[in-house]
Structure formats: structure tokens, C-alpha cells
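To be precise, the following lines are structure_14.cif, and they hold mmCIF, C-alpha atoms and all ligand atoms.
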```
data_start
#
loop_
_atom_site.label_atom_id
_atom_site.label_comp_id
_atom_site.auth_asym_id
_atom_site.auth_seq_id
_atom_site.Cartn_x
_atom_site.Cartn_y
_atom_site.Cartn_z
CA MET E 1 0.00 0.00 0.00
CA VAL E 2 1.44 3.43 -1.02
CA SER E 3 1.58 5.85 1.87
CA PRO E 4 -0.39 9.14 1.48
CA ALA E 5 2.86 11.11 1.84
CA ILE E 6 4.38 9.38 -1.19
CA ALA E 7 1.15 9.79 -3.16
CA PHE E 8 1.15 13.53 -2.39
CA ALA E 9 4.77 13.81 -3.50
CA PHE E 10 3.70 12.68 -6.98
CA ILE E 11 0.98 15.34 -7.36
CA PRO E 12 3.36 18.15 -8.48
CA LEU E 13 4.96 15.79 -11.00
CA LEU E 14 1.55 14.76 -12.32
CA LEU E 15 0.42 18.38 -12.59
CA THR E 16 3.62 19.35 -14.41
CA LEU E 17 3.10 16.53 -16.91
CA ILE E 18 -0.54 17.46 -17.47
CA ILE E 19 0.32 21.14 -18.01
CA ARG E 20 3.28 20.36 -20.24
CA TYR E 21 1.44 17.89 -22.46
CA ARG E 22 -2.03 19.49 -22.30
CA PHE E 23 -2.17 20.09 -26.06
CA TYR E 24 -1.49 16.39 -26.72
CA PHE E 25 -4.24 15.39 -24.26
CA VAL E 26 -6.66 17.74 -26.01
CA LEU E 27 -5.66 16.26 -29.37
CA PHE E 28 -6.15 12.70 -28.07
CA TYR E 29 -9.55 13.66 -26.67
CA ARG E 30 -10.71 15.32 -29.91
CA ALA E 31 -9.19 12.90 -32.41
CA VAL E 32 -9.76 9.61 -30.60
CA LEU E 33 -12.32 9.77 -27.77
CA VAL E 34 -14.84 12.11 -29.41
CA ARG E 35 -14.53 10.12 -32.62
CA ILE E 36 -15.25 6.76 -30.93
CA TRP E 37 -18.18 8.24 -29.04
CA LYS E 38 -19.72 9.89 -32.14
CA ASP E 39 -19.16 6.77 -34.25
CA CYS E 40 -21.31 4.85 -31.74
CA VAL E 41 -23.96 7.54 -31.37
CA THR E 42 -24.40 8.43 -35.06
CA GLY E 43 -23.61 5.13 -36.78
CA LEU E 44 -21.69 7.18 -39.36
CA SER E 45 -17.97 7.43 -39.93
CA ARG E 46 -16.18 10.64 -38.98
CA GLU E 47 -15.61 11.34 -42.68
CA GLU E 48 -19.35 10.94 -43.42
CA ARG E 49 -20.15 13.34 -40.56
CA ALA E 50 -17.70 15.88 -41.97
CA PHE E 51 -19.24 15.48 -45.42
CA GLN E 52 -22.76 16.06 -44.09
CA TYR E 53 -21.59 19.23 -42.36
CA VAL E 54 -19.91 20.50 -45.53
CA LEU E 55 -23.04 19.72 -47.57
CA THR E 56 -25.18 21.81 -45.26
CA HIS E 57 -22.72 24.68 -44.73
CA ALA E 58 -21.02 25.18 -48.10
CA THR E 59 -22.10 26.34 -51.53
CA PRO E 60 -21.55 23.84 -54.37
CA GLY E 61 -18.91 25.11 -56.79
CA ASP E 62 -17.52 27.58 -54.25
CA THR E 63 -14.15 26.12 -53.21
CA ASP E 64 -13.58 28.76 -50.50
CA SER E 65 -16.87 27.96 -48.79
CA ILE E 66 -16.11 24.21 -48.91
CA LEU E 67 -12.69 24.71 -47.30
CA ASP E 68 -14.16 27.12 -44.75
CA ALA E 69 -16.85 24.59 -43.80
CA PHE E 70 -14.19 21.89 -43.27
CA ASP E 71 -12.06 24.29 -41.22
CA SER E 72 -14.98 25.24 -39.04
CA TRP E 73 -15.99 21.59 -38.48
CA CYS E 74 -12.42 20.55 -37.67
CA SER E 75 -11.81 23.39 -35.23
CA LYS E 76 -15.22 23.46 -33.51
CA VAL E 77 -16.83 20.05 -33.89
CA GLU E 78 -14.43 17.16 -34.48
CA TYR E 79 -10.85 16.68 -35.55
CA ILE E 80 -9.63 15.54 -38.95
CA SER E 81 -6.01 15.87 -40.01
CA ASN E 82 -6.61 18.00 -43.11
CA ILE E 83 -3.64 20.24 -43.84
CA GLY E 84 -5.77 23.11 -42.42
CA PRO E 85 -5.78 26.83 -43.15
CA LYS E 86 -2.35 27.85 -41.80
CA LYS E 87 -0.17 25.30 -43.56
CA GLY E 88 -2.71 25.40 -46.40
CA LYS E 89 -1.75 29.02 -47.09
CA ILE E 90 1.92 28.01 -47.40
CA LEU E 91 0.88 25.27 -49.83
CA ASP E 92 -1.22 27.80 -51.81
CA ARG E 93 1.77 30.14 -52.10
CA LEU E 94 4.15 27.40 -53.25
CA LEU E 95 1.63 26.27 -55.88
CA MET E 96 1.16 29.84 -57.13
CA GLU E 97 4.93 30.33 -57.41
CA GLN E 98 5.51 26.98 -59.08
CA SER E 99 2.45 26.99 -61.37
CA PRO E 100 2.73 23.22 -61.93
CA LEU E 101 0.99 21.42 -64.78
CA THR E 102 1.27 17.86 -63.48
CA VAL E 103 0.65 17.31 -59.79
CA LEU E 104 0.55 14.20 -57.64
CA GLU E 105 -1.09 14.10 -54.23
CA LEU E 106 -0.49 11.17 -51.89
CA GLY E 107 -3.26 10.90 -49.27
CA ALA E 108 -6.54 12.64 -50.19
CA HIS E 109 -8.57 11.64 -47.12
CA CYS E 110 -11.79 13.72 -47.48
CA GLY E 111 -10.47 15.81 -50.36
CA TYR E 112 -9.69 19.01 -48.42
CA SER E 113 -6.12 19.36 -49.70
CA THR E 114 -7.20 18.04 -53.10
CA VAL E 115 -9.64 20.95 -53.49
CA ARG E 116 -7.06 23.35 -52.05
CA ILE E 117 -4.46 22.24 -54.61
CA ALA E 118 -6.87 22.08 -57.55
CA ARG E 119 -8.13 25.64 -57.01
CA ALA E 120 -4.54 26.98 -57.14
CA LEU E 121 -3.57 25.28 -60.40
CA PRO E 122 -3.19 27.04 -63.74
CA LEU E 123 -5.57 26.30 -66.60
CA GLY E 124 -4.84 22.94 -68.24
CA ALA E 125 -3.10 21.49 -65.19
CA ARG E 126 -3.97 18.02 -63.93
CA LEU E 127 -3.96 16.68 -60.40
CA TYR E 128 -3.67 12.95 -59.68
CA SER E 129 -4.75 12.25 -56.13
CA VAL E 130 -3.98 8.87 -54.56
CA GLU E 131 -6.04 7.50 -51.66
CA MET E 132 -5.92 3.87 -50.52
CA ASP E 133 -8.94 3.85 -48.21
CA GLN E 134 -12.15 3.18 -50.18
CA GLY E 135 -14.42 4.94 -47.65
CA ASN E 136 -12.25 8.07 -47.55
CA ALA E 137 -11.94 8.04 -51.34
CA ALA E 138 -15.73 7.90 -51.75
CA ILE E 139 -16.06 11.05 -49.61
CA ALA E 140 -13.13 12.74 -51.38
CA GLU E 141 -14.70 12.04 -54.77
CA LYS E 142 -17.97 13.70 -53.66
CA ILE E 143 -16.12 16.71 -52.25
CA ILE E 144 -14.01 17.13 -55.41
CA ARG E 145 -17.11 17.04 -57.63
CA LEU E 146 -19.05 19.29 -55.22
CA ALA E 147 -16.22 21.81 -55.65
CA GLY E 148 -16.80 21.64 -59.39
CA PHE E 149 -13.65 19.85 -60.57
CA ASP E 150 -14.17 17.31 -63.32
CA ASP E 151 -12.20 14.16 -64.06
CA ASP E 152 -9.94 16.02 -66.51
CA THR E 153 -8.71 18.33 -63.75
CA VAL E 154 -8.67 15.97 -60.77
CA GLU E 155 -8.34 12.22 -61.09
CA LEU E 156 -8.73 10.23 -57.91
CA ILE E 157 -6.81 6.94 -57.89
CA VAL E 158 -7.98 4.49 -55.24
CA ASN E 159 -4.96 2.32 -54.40
CA PRO E 160 -1.89 2.38 -52.15
CA SER E 161 0.84 4.75 -53.32
CA ASP E 162 3.49 2.03 -53.67
CA GLU E 163 1.27 0.31 -56.24
CA VAL E 164 0.31 3.50 -58.06
CA ILE E 165 3.71 5.22 -58.44
CA PRO E 166 5.30 2.40 -60.49
CA ARG E 167 2.30 2.55 -62.89
CA LEU E 168 2.18 6.34 -63.40
CA ARG E 169 4.21 6.12 -66.62
CA SER E 170 2.52 3.11 -68.16
CA ASP E 171 -1.09 3.66 -67.06
CA TYR E 172 -1.28 7.45 -66.86
CA GLN E 173 1.35 8.44 -69.45
CA LEU E 174 3.14 10.68 -66.96
CA GLU E 175 6.70 11.62 -67.87
CA ARG E 176 7.48 14.13 -65.14
CA LEU E 177 5.75 15.42 -62.04
CA ASP E 178 6.10 19.16 -61.48
CA PHE E 179 4.71 19.07 -57.95
CA VAL E 180 4.12 16.31 -55.41
CA PHE E 181 2.20 16.76 -52.15
CA MET E 182 2.85 14.03 -49.60
CA ASP E 183 0.35 13.74 -46.77
CA HIS E 184 -0.22 10.00 -46.37
CA TRP E 185 1.26 7.71 -43.71
CA LYS E 186 4.56 9.18 -42.62
CA LYS E 187 6.41 5.86 -42.86
CA CYS E 188 5.64 5.87 -46.62
CA TYR E 189 7.32 9.24 -47.29
CA LEU E 190 10.84 7.88 -47.78
CA PRO E 191 10.03 4.72 -49.78
CA ASP E 192 7.64 6.68 -52.00
CA LEU E 193 10.15 9.47 -52.61
CA GLN E 194 12.70 6.83 -53.60
CA LEU E 195 10.12 5.20 -55.88
CA LEU E 196 9.50 8.56 -57.59
CA GLU E 197 13.27 8.91 -58.09
CA SER E 198 13.83 5.38 -59.36
CA TYR E 199 10.93 5.56 -61.83
CA GLY E 200 12.37 8.82 -63.21
CA LEU E 201 9.24 10.82 -62.39
CA LEU E 202 11.11 13.82 -60.96
CA GLY E 203 12.87 16.36 -63.16
CA LYS E 204 15.23 19.19 -62.24
CA GLY E 205 13.09 21.75 -60.45
CA SER E 206 10.26 19.38 -59.47
CA MET E 207 8.89 20.42 -56.10
CA ILE E 208 7.87 18.00 -53.35
CA VAL E 209 6.00 19.26 -50.28
CA ALA E 210 5.67 16.87 -47.35
CA ASP E 211 3.35 17.67 -44.45
CA ASN E 212 3.76 16.71 -40.76
CA VAL E 213 7.49 16.04 -40.95
CA LEU E 214 7.89 17.18 -37.32
CA PHE E 215 4.62 15.85 -35.86
CA PRO E 216 3.83 12.95 -36.03
CA GLY E 217 7.21 13.23 -37.78
CA ALA E 218 9.14 11.52 -40.56
CA PRO E 219 12.68 11.13 -39.14
CA LYS E 220 13.95 8.65 -41.77
CA PHE E 221 12.72 10.91 -44.56
CA LEU E 222 14.51 13.93 -43.05
CA ARG E 223 17.70 11.90 -42.46
CA TYR E 224 17.66 10.88 -46.12
CA LEU E 225 17.22 14.50 -47.26
CA ARG E 226 20.23 15.53 -45.18
CA LYS E 227 22.41 12.81 -46.68
CA CYS E 228 21.34 12.23 -50.30
CA GLY E 229 22.33 15.59 -51.82
CA LEU E 230 19.57 15.35 -54.45
CA TYR E 231 17.41 18.15 -53.08
CA GLU E 232 17.54 21.72 -51.96
CA TRP E 233 15.18 21.69 -49.06
CA LYS E 234 13.87 23.53 -46.05
CA ILE E 235 11.19 23.18 -43.40
CA HIS E 236 8.33 25.64 -43.03
CA ARG E 237 7.66 25.61 -39.32
CA ALA E 238 4.04 25.79 -38.15
CA THR E 239 1.71 24.28 -35.60
CA LEU E 240 -0.27 21.11 -36.13
CA GLU E 241 -3.52 21.64 -38.04
CA TYR E 242 -6.47 22.74 -35.87
CA SER E 243 -4.31 22.53 -32.73
CA LYS E 244 -2.56 25.00 -30.52
CA GLY E 245 0.85 24.39 -29.06
CA ILE E 246 1.92 21.29 -31.03
CA ARG E 247 4.85 22.14 -33.24
CA ASP E 248 4.88 20.79 -36.75
CA GLY E 249 6.51 21.55 -40.07
CA MET E 250 6.12 21.08 -43.78
CA ALA E 251 9.18 20.17 -45.84
CA GLU E 252 9.72 21.86 -49.21
CA LEU E 253 12.11 20.03 -51.53
CA ILE E 254 13.38 21.00 -54.96
CA TYR E 255 14.84 18.12 -56.94
CA GLN E 256 18.25 19.03 -58.33
CA GLY E 257 18.53 16.09 -60.72
CA ILE E 258 21.15 13.35 -60.66
CA LYS E 259 24.63 14.84 -60.31
C1 LIG D 1 -3.58 12.90 -43.15
S1 LIG D 1 -4.73 12.18 -44.20
C2 LIG D 1 -4.63 13.20 -45.64
C3 LIG D 1 -5.21 14.57 -45.43
C4 LIG D 1 -5.35 15.36 -46.71
N1 LIG D 1 -4.11 15.43 -47.44
C5 LIG D 1 -5.80 16.77 -46.43
O1 LIG D 1 -4.97 17.61 -46.06
O2 LIG D 1 -7.00 17.03 -46.59
C6 LIG D 1 -3.90 10.73 -44.74
C7 LIG D 1 -4.63 9.90 -45.78
O3 LIG D 1 -3.66 9.14 -46.49
C8 LIG D 1 -4.20 7.87 -46.79
N2 LIG D 1 -3.04 6.99 -46.98
C9 LIG D 1 -2.16 6.58 -46.04
N3 LIG D 1 -1.17 5.86 -46.58
C10 LIG D 1 -1.45 5.78 -47.92
C11 LIG D 1 -0.80 5.17 -49.02
N4 LIG D 1 0.33 4.48 -48.85
N5 LIG D 1 -1.34 5.29 -50.24
C12 LIG D 1 -2.48 6.01 -50.40
N6 LIG D 1 -3.14 6.62 -49.40
C13 LIG D 1 -2.63 6.51 -48.18
C14 LIG D 1 -5.05 7.53 -45.58
O4 LIG D 1 -6.03 6.56 -45.91
C15 LIG D 1 -5.63 8.90 -45.22
O5 LIG D 1 -6.88 9.07 -45.83
#
```
For this file, write the structure as C-alpha cells.
Amino acid sequence: MVSPAIAFAFIPLLLTLIIRYRFYFVLFYRAVLVRIWKDCVTGLSREERAFQYVLTHATPGDTDSILDAFDSWCSKVEYISNIGPKKGKILDRLLMEQSPLTVLELGAHCGYSTVRIARALPLGARLYSVEMDQGNAAIAEKIIRLAGFDDDTVELIVNPSDEVIPRLRSDYQLERLDFVFMDHWKKCYLPDLQLLESYGLLGKGSMIVADNVLFPGAPKFLRYLRKCGLYEWKIHRATLEYSKGIRDGMAELIYQGIK
């Protein structure tokens, strides 16, 4: 039996831990506990709930109102790891500067970043968005079409990235990707970047943007960038989407070609 004196001695330590990690507790509560509870109560998936909210709060064809509805749902109602408005603005700027014609997105989820990317593209550009989860892809497809993008502008490919990348040349006639947005499972960042390299899909000047490289983090990916010498790169520091106090960052890479 622990004596009351010892138990009391742990209270300051416990309080310090709670205060220090409060943002992570809030994230766990919003992303995990609220989700489980609402899944049981509504019988719908979190993605279906987000879609219903967007349907009732956004105007079809108005990309800004669709993104705003997502942002409001994710900050006030439930949590979804869309790139969010703050890092989204950095992505918008990079797309405007780069003006890419052929874009690949890895990880569409509900289509938030897909719409965000598609609205920033120049006329005639094409976005290939890869999503392996059928349920998420079904929602993403509805969101993309609700935003008014047709199949010629945004093509959603429902398969895992490591199966899609090797087929981009043969099945989609892609020679070079001007811009790649990585926002799928973090452990896939490095193998998928190496797949893009080995299938010759990157050209000098191709830009790759990878989200969440600091939280949840992609340490192997960052270690590779430091060592390989194939990229000029930097990290745009920010906080985690729809969260306060959790530091995150988005990596921006420019492929320098094989030296
Ligand atoms: C963080 S969410 C993407 C959020 C989205 N980019 C946004 O900002 O709106 C990650 C998504 O990537 C998908 N995913 C994870 N690993 C994948 C892979 N190897 N290939 C394709 N999709 C993947 C998951 O199913 C999930 O829907």
C-alpha cells in the first residue's frame, strides 16, 4: 500500500506533466475519444459526418466555402487531419509560385487538400490524387465534384501509393511530375520518394512538399534529405492543423537532378 505522503509527493509531477502535455491530451480527446463516441452515437464514420456538415454549410462550386466549412468543423466540432488553413496558405503560395501542370497528391482523405491544390492550379493542369482507403476516397470524390472539378482536372486513384507510383508512366502516361504533395502515412514518405526517383518521375526543379514532418514526424525521410544531396530543401515551421501548441513543419524540396 502506497503511503499518502508518497502519493502527495507525486501530485506536483503529475500536474507538471498534465500542463506540459495538455495540447497532446486535447488532441487525443478530440481525435480519438470524441470520434469513438460519435461513431457509436451516429452510426456514421467521422468522414461521413464531416461530409454532411460541408453539404449543409457550403455552396456547391464555391471552393472557398467548402474549405471554410471543413475548417470550421475541424476546429469546432471534431478533428480531422486535413492540412488546415495555416499550412494550407503556405501550400497555396508554393503552388502559385511553381504553377505546376502535373501534380501528384499522396493521401486525399476527405479531399480538403485536393480541393485546395486544384483551385490553385493554372488552366490545363492536372492533379492525380492517390487514396488507398475506399471509404475516404468515396467522400473525397464527392467533395471534389461538389467543388466543381471534373475528371480532366482531378483524377482520384484508389490504391496504395506504392502500387500507383510504379504505374504512373505506363497507365497514366506521366513523364514528369512538377509538384508532389505528400500527406499520407509518414512511414511511406521515404520509400515513395525513392520510388518517384527510381521511376524517373522527378525532373530538375520538381517540387515536393511533405506535411507533418515534425509531428507525427518523418525522421527517416529527413535523415535521407540531409544525406542524399539530391534536393535543396527547407522546413516551413508551423503548428499542427487545428491545434494550438503542437509544433509541426512542412518540408519543401526541390529536386536538383542526378549529379
Ligand atoms: C492525413 S490524411 C490526408 C489529409 C489530406 N491530405 C488533407 O490535407 O485534406 C492521410 C490519408 O492518407 C491515406 N493513406 C495513407 N497511406 C497511404 C498510401 N500508402 N497510399 C495512399 N493513401 C494513403 C489515408 O487513408 C488517409 O486518408
If you take only C-alpha atoms and all ligand atoms and a cut-off of 10 Å, which residues of chain E touch ligand LIG 1 (chain D), and what are their nearest atom pairs and distances in Å to one decimal, in chain and number order, as a Markdown table?
```
| residue | atom | partner | partner_atom | distance |
| --- | --- | --- | --- | --- |
| E:Glu47 | CA | D:LIG1 | O5 | 9.6 |
| E:Leu67 | CA | D:LIG1 | O2 | 9.6 |
| E:Phe70 | CA | D:LIG1 | O2 | 9.3 |
| E:Ile80 | CA | D:LIG1 | C1 | 7.8 |
| E:Ser81 | CA | D:LIG1 | C1 | 5.0 |
| E:Asn82 | CA | D:LIG1 | O1 | 3.4 |
| E:Ile83 | CA | D:LIG1 | O1 | 3.7 |
| E:Gly84 | CA | D:LIG1 | O1 | 6.6 |
| E:Pro85 | CA | D:LIG1 | O1 | 9.7 |
| E:Lys87 | CA | D:LIG1 | O1 | 9.4 |
| E:Gly88 | CA | D:LIG1 | O1 | 8.1 |
| E:Glu105 | CA | D:LIG1 | N1 | 7.5 |
| E:Leu106 | CA | D:LIG1 | C12 | 5.7 |
| E:Gly107 | CA | D:LIG1 | O3 | 3.3 |
| E:Ala108 | CA | D:LIG1 | C4 | 4.6 |
| E:His109 | CA | D:LIG1 | O5 | 3.3 |
| E:Cys110 | CA | D:LIG1 | O2 | 5.9 |
| E:Gly111 | CA | D:LIG1 | O2 | 5.3 |
| E:Tyr112 | CA | D:LIG1 | O2 | 3.8 |
| E:Ser113 | CA | D:LIG1 | O2 | 4.0 |
| E:Thr114 | CA | D:LIG1 | O2 | 6.6 |
| E:Val115 | CA | D:LIG1 | O2 | 8.4 |
| E:Arg116 | CA | D:LIG1 | O2 | 8.4 |
| E:Ile117 | CA | D:LIG1 | O1 | 9.7 |
| E:Ser129 | CA | D:LIG1 | C12 | 8.8 |
| E:Val130 | CA | D:LIG1 | C12 | 5.3 |
| E:Glu131 | CA | D:LIG1 | N6 | 3.8 |
| E:Met132 | CA | D:LIG1 | C12 | 4.1 |
| E:Asp133 | CA | D:LIG1 | O4 | 4.6 |
| E:Gln134 | CA | D:LIG1 | O4 | 8.2 |
| E:Gly135 | CA | D:LIG1 | O4 | 8.7 |
| E:Asn136 | CA | D:LIG1 | O5 | 5.7 |
| E:Ala137 | CA | D:LIG1 | O5 | 7.6 |
| E:Ala140 | CA | D:LIG1 | O2 | 8.9 |
| E:Ile157 | CA | D:LIG1 | C12 | 8.7 |
| E:Val158 | CA | D:LIG1 | C12 | 7.5 |
| E:Asn159 | CA | D:LIG1 | C12 | 6.0 |
| E:Pro160 | CA | D:LIG1 | N5 | 3.5 |
| E:Ser161 | CA | D:LIG1 | N5 | 3.8 |
| E:Asp162 | CA | D:LIG1 | N4 | 6.3 |
| E:Glu163 | CA | D:LIG1 | N5 | 8.2 |
| E:Val164 | CA | D:LIG1 | N5 | 8.2 |
| E:Ile165 | CA | D:LIG1 | N5 | 9.6 |
| E:Phe181 | CA | D:LIG1 | N1 | 8.0 |
| E:Met182 | CA | D:LIG1 | N1 | 7.4 |
| E:Asp183 | CA | D:LIG1 | N1 | 4.8 |
| E:His184 | CA | D:LIG1 | O3 | 3.5 |
| E:Trp185 | CA | D:LIG1 | N3 | 4.2 |
| E:Lys186 | CA | D:LIG1 | N3 | 7.7 |
| E:Lys187 | CA | D:LIG1 | N3 | 8.4 |
| E:Cys188 | CA | D:LIG1 | N4 | 5.9 |
| E:Tyr189 | CA | D:LIG1 | N4 | 8.6 |
| E:Pro191 | CA | D:LIG1 | N4 | 9.7 |
| E:Asp192 | CA | D:LIG1 | N4 | 8.3 |
| E:Ala210 | CA | D:LIG1 | N1 | 9.9 |
| E:Asp211 | CA | D:LIG1 | N1 | 8.3 |
| E:Asn212 | CA | D:LIG1 | C1 | 8.6 |
| E:Glu241 | CA | D:LIG1 | O1 | 9.1 |
```
Report task. Fewer than 2 positions away in the same chain doesn't count, so skip those; otherwise give me all residues within 9 Å of stretch 224-240 of chain E, counting all atoms listed in the file, as a PyMOL selection string. Result -> chain E and resi 81+83-84+86-87+90+190+212-215+219-222+242-259
Written file, previous selection with C-alpha atoms, as a PDB file, in the frame of the given file:
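And here's result.pdb as it stands now:
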```pdb
ATOM      1  CA  SER E  81      -6.010  15.870 -40.010  1.00  0.00           C
ATOM      2  CA  ILE E  83      -3.640  20.240 -43.840  1.00  0.00           C
ATOM      3  CA  GLY E  84      -5.770  23.110 -42.420  1.00  0.00           C
ATOM      4  CA  LYS E  86      -2.350  27.850 -41.800  1.00  0.00           C
ATOM      5  CA  LYS E  87      -0.170  25.300 -43.560  1.00  0.00           C
ATOM      6  CA  ILE E  90       1.920  28.010 -47.400  1.00  0.00           C
ATOM      7  CA  LEU E 190      10.840   7.880 -47.780  1.00  0.00           C
ATOM      8  CA  ASN E 212       3.760  16.710 -40.760  1.00  0.00           C
ATOM      9  CA  VAL E 213       7.490  16.040 -40.950  1.00  0.00           C
ATOM     10  CA  LEU E 214       7.890  17.180 -37.320  1.00  0.00           C
ATOM     11  CA  PHE E 215       4.620  15.850 -35.860  1.00  0.00           C
ATOM     12  CA  PRO E 219      12.680  11.130 -39.140  1.00  0.00           C
ATOM     13  CA  LYS E 220      13.950   8.650 -41.770  1.00  0.00           C
ATOM     14  CA  PHE E 221      12.720  10.910 -44.560  1.00  0.00           C
ATOM     15  CA  LEU E 222      14.510  13.930 -43.050  1.00  0.00           C
ATOM     16  CA  TYR E 242      -6.470  22.740 -35.870  1.00  0.00           C
ATOM     17  CA  SER E 243      -4.310  22.530 -32.730  1.00  0.00           C
ATOM     18  CA  LYS E 244      -2.560  25.000 -30.520  1.00  0.00           C
ATOM     19  CA  GLY E 245       0.850  24.390 -29.060  1.00  0.00           C
ATOM     20  CA  ILE E 246       1.920  21.290 -31.030  1.00  0.00           C
ATOM     21  CA  ARG E 247       4.850  22.140 -33.240  1.00  0.00           C
ATOM     22  CA  ASP E 248       4.880  20.790 -36.750  1.00  0.00           C
ATOM     23  CA  GLY E 249       6.510  21.550 -40.070  1.00  0.00           C
ATOM     24  CA  MET E 250       6.120  21.080 -43.780  1.00  0.00           C
ATOM     25  CA  ALA E 251       9.180  20.170 -45.840  1.00  0.00           C
ATOM     26  CA  GLU E 252       9.720  21.860 -49.210  1.00  0.00           C
ATOM     27  CA  LEU E 253      12.110  20.030 -51.530  1.00  0.00           C
ATOM     28  CA  ILE E 254      13.380  21.000 -54.960  1.00  0.00           C
ATOM     29  CA  TYR E 255      14.840  18.120 -56.940  1.00  0.00           C
ATOM     30  CA  GLN E 256      18.250  19.030 -58.330  1.00  0.00           C
ATOM     31  CA  GLY E 257      18.530  16.090 -60.720  1.00  0.00           C
ATOM     32  CA  ILE E 258      21.150  13.350 -60.660  1.00  0.00           C
ATOM     33  CA  LYS E 259      24.630  14.840 -60.310  1.00  0.00           C
TER      34      LYS E 259
END
```
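Residues lying within 12 Å of (4.0, 7.4, -63.5). Counted over only C-alpha atoms, they are Thr102, Val103, Leu104, Tyr128, Ser161, Asp162, Glu163, Val164, Ile165, Pro166, Arg167, Leu168, Arg169, Ser170, Asp171, Tyr172, Gln173, Leu174, Glu175, Arg176, Leu177, Leu195, Leu196, Glu197, Ser198, Tyr199, Gly200, Leu201 and Leu202 of chain E.
Going from atom CA of E:Lys89 over to atom CA of E:Pro60, you cover 21.7 Å.
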Report task. Give the answer as one residue: which of E:Ala138, E:Ile208, E:Leu95, E:Ile144 has the shortest atom-to-atom distance to E:Leu121, using only C-alpha atoms? Result ->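 Of E:Ala138, E:Ile208, E:Leu95, E:Ile144, the one nearest E:Leu121, counting only C-alpha atoms, is E:Leu95.
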Query raised in the report: Which value, in Å to one decimal, gives the distance between atom CA of E:Pro12 and atom CA of E:Val32?
Result: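 Value for the atom CA of E:Pro12-atom CA of E:Val32 distance: 27.1 Å.
Taking atom CA of E:Lys142 and atom CA of E:Pro122 as the two end points, the separation is 22.3 Å.
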Query raised in the report: Using only C-alpha atoms, which residue out of E:Val41, E:Ala147, E:Ala218, E:Val209 lies closest to E:Asp92?
Result: E:Val209
**Report entry** Polymer residues at most 9 Å from E:Gly148, all atoms listed in the file, same-chain spacing of 5 or more positions, as JSON, numbers by chain
**Finding:** {"E": [60, 61, 62, 63, 143]}
Atoms kept (C-alpha atoms) for selection, written as an mmCIF file, keeping the file's coordinate frame:
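And here's part.cif as it stands now:
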```cif
data_model
loop_
_atom_site.group_PDB
_atom_site.id
_atom_site.type_symbol
_atom_site.label_atom_id
_atom_site.label_comp_id
_atom_site.auth_asym_id
_atom_site.auth_seq_id
_atom_site.Cartn_x
_atom_site.Cartn_y
_atom_site.Cartn_z
ATOM 1 C CA PRO E 60 -21.550 23.840 -54.370
ATOM 2 C CA GLY E 61 -18.910 25.110 -56.790
ATOM 3 C CA ASP E 62 -17.520 27.580 -54.250
ATOM 4 C CA THR E 63 -14.150 26.120 -53.210
ATOM 5 C CA ILE E 143 -16.120 16.710 -52.250
#
```
